[in-house]
Amino acid sequence: MSIFFGLLSALAWGGGDFFGGLASRKIGAYRAVFYGELLGLILLFIAVGFAGEALPAPGNLLLAGVAGAIGSVGLLILYQAVRSGQMSIVMPVSALLAAALPVAVGAFLQGLPAPTKLAGFALALLAVWLVAQEDEEKTHLKRLSDLRLPLLAGLCFGTYFIIMHQASATAVVWPMVASRSGGAIIILVFMLAFRQDFRIGRGTPWGLIGLNAVLDVGGNAFYILSSQVGRLDVSAVLSSLYPGATVLLAWLVLKEKINRVQWTGIAAALAAIALLSI
């Protein structure tokens with residue numbers, strides 16, 4: 001079940017990134033993220049009424065809020081890195097560290113997994129790197145300093161995985177409410193500090209923003225469920241395969257080309273899933 005939920009998390013997060021990316025082309029990345037956060041928060045408050053969960057301990061809610069804030073900081077850093085560097089370096093480096101950090105922490109807290117799972121981790125990390133490559137002709141690094149922002153973003157995302165695993169041990173929806181609240185606050189502070197435009201016009205793609213919100217909430221829920229019934233490292237690595245879903249959707253819907261490096265990454269991801277399932 002942990003593997004099943006982890007894969008659903010990757011599919012949902014990848015779909016959310018796809019629709020969020022389409023929305024950001026129309027209204028800008030920061031507004032798309034901000035309104036996606038707000039819509040997701042509304043959905044979660046509705047879900048609270050149906051879930052019937054007991055309110056977790058204040059410490060767990062605080063941890064979840066911190067996790068959401070750190071994740072949003074990572075997102076802002078990632079956007080800045082994409083603006084100032086090569087996306088073919090920025091995306092895979094951040095995604096790789098986000099997956100590798102929970103593996104290291106999981107090995108420390110829960111011990112080393114079986115050799116087949118270690119091989120699965122190695123293949124999955126390779127898959128994350130390869131699938132995130134957008135241009136196989138431009139994967140070289142110009143300056144070592146170009147890695148600074150992607151590494152910081154990946155550190156934030158990996159830290160989110162670890163903290164949310166701890167914060168959501170006894171509940172699913174309430175930790176997500178706290179996490180998304182922390183993330184929304186960070187985005188709001190950023191937009192106010194840098195005088196970002198909040199205005200929405202008649203052409204605002206609410207359908208795309210809504211799909212992004214629903215799928216992002218779903219991705220978080222499936223990650224939490226995966227980490228509740230299984231190991232942190234397995235859940236985080238499988239959830240980190242989300243770039244594959246984004247790439248496949250772009251191929252199917254937008255008819256974008258998948259290059260040879262990305263196809264190799266998709267094959268590596270399938271092999272990794274098979275090894276992790278043993």
# chains A, B, ... in the order shown; residues from 1 in each chain; ligands from 1
>>> residues_around(residues="Leu238 in chain A", least_positions_apart="4", cutoff="7 Å", atoms="only C-alpha atoms", output="ChimeraX atom specification")
/A:6-7,10,234
>>> write_last_selection(atoms="C-alpha atoms", output="compact mmCIF listing (two decimals), in the first residue's frame")
# COMPACT_ATOMS: atom_id res chain seq x y z
CA GLY A 6 3.52 6.79 -3.27
CA LEU A 7 2.85 6.29 -6.98
CA ALA A 10 3.70 11.21 -7.89
CA VAL A 234 10.23 4.63 -0.01
>>> residues_around(residues="Ser9 in chain A", least_positions_apart="2", cutoff="12 Å", atoms="only C-alpha atoms", output="number ranges by chain")
A: 2-7, 11-16, 215-227, 235-245
>>> residues_around(residues="range 170-173 of chain A", least_positions_apart="5", cutoff="8 Å", atoms="only C-alpha atoms", output="compact mmCIF listing (two decimals) with C-alpha atoms, in the first residue's frame")
# COMPACT_ATOMS: atom_id res chain seq x y z
CA LEU A 44 -9.16 21.10 2.92
CA ALA A 47 -12.64 17.94 3.86
CA VAL A 48 -12.14 18.46 7.60
CA ALA A 51 -13.01 13.34 7.62
CA GLU A 53 -10.40 13.51 12.40
CA ALA A 54 -9.51 14.50 15.93
CA PRO A 56 -3.75 16.59 16.41
CA ALA A 221 -2.66 13.29 0.98
CA ILE A 224 1.09 11.21 3.93
CA LEU A 225 -0.82 7.94 3.57
>>> residues_around(residues="range 108-117 of chain A", least_positions_apart="2", cutoff="10 Å", atoms="only C-alpha atoms", output="PyMOL selection string")
chain A and resi 102-106+119-123+231-234+272-278
>>> residues_around(residues="Gln196 in chain A", least_positions_apart="4", cutoff="12 Å", atoms="only C-alpha atoms", output="list of chain:residue names")
A:Ile27, A:Gly28, A:Ala29, A:Tyr30, A:Arg31, A:Ala32, A:Phe34, A:Ile187, A:Leu188, A:Val189, A:Phe190, A:Met191, A:Leu192
>>> write_last_selection(atoms="N, CA and C atoms", output="short mmCIF file (atom, residue, chain, number, x, y, z; two decimals), in the first residue's frame")
data_model
loop_
_atom_site.label_atom_id
_atom_site.label_comp_id
_atom_site.auth_asym_id
_atom_site.auth_seq_id
_atom_site.Cartn_x
_atom_site.Cartn_y
_atom_site.Cartn_z
N ILE A 27 -1.25 33.90 -16.08
CA ILE A 27 -1.33 34.95 -15.05
C ILE A 27 -0.04 35.12 -14.26
N GLY A 28 1.00 34.39 -14.60
CA GLY A 28 2.26 34.49 -13.86
C GLY A 28 2.36 33.42 -12.79
N ALA A 29 3.60 32.99 -12.52
CA ALA A 29 3.82 31.86 -11.61
C ALA A 29 3.36 32.15 -10.19
N TYR A 30 3.68 33.34 -9.67
CA TYR A 30 3.40 33.60 -8.27
C TYR A 30 1.90 33.72 -8.00
N ARG A 31 1.16 34.35 -8.90
CA ARG A 31 -0.29 34.43 -8.71
C ARG A 31 -0.93 33.06 -8.86
N ALA A 32 -0.44 32.27 -9.80
CA ALA A 32 -0.98 30.92 -9.98
C ALA A 32 -0.77 30.09 -8.72
N PHE A 34 -0.25 31.26 -5.62
CA PHE A 34 -0.99 31.85 -4.49
C PHE A 34 -2.45 31.44 -4.52
N ILE A 187 3.89 32.69 0.78
CA ILE A 187 3.67 33.25 -0.56
C ILE A 187 3.08 34.66 -0.46
N LEU A 188 2.13 34.84 0.47
CA LEU A 188 1.50 36.15 0.65
C LEU A 188 2.54 37.19 1.08
N VAL A 189 3.38 36.83 2.03
CA VAL A 189 4.42 37.76 2.50
C VAL A 189 5.35 38.13 1.35
N PHE A 190 5.73 37.15 0.56
CA PHE A 190 6.61 37.42 -0.58
C PHE A 190 5.95 38.38 -1.56
N MET A 191 4.70 38.13 -1.89
CA MET A 191 4.02 38.96 -2.87
C MET A 191 3.85 40.39 -2.37
N LEU A 192 3.59 40.54 -1.06
CA LEU A 192 3.48 41.89 -0.49
C LEU A 192 4.85 42.58 -0.47
#
>>> atom_distance(atom1="CA of Asn212 in chain A", atom2="CA of Ile42 in chain A")
13.3 Å
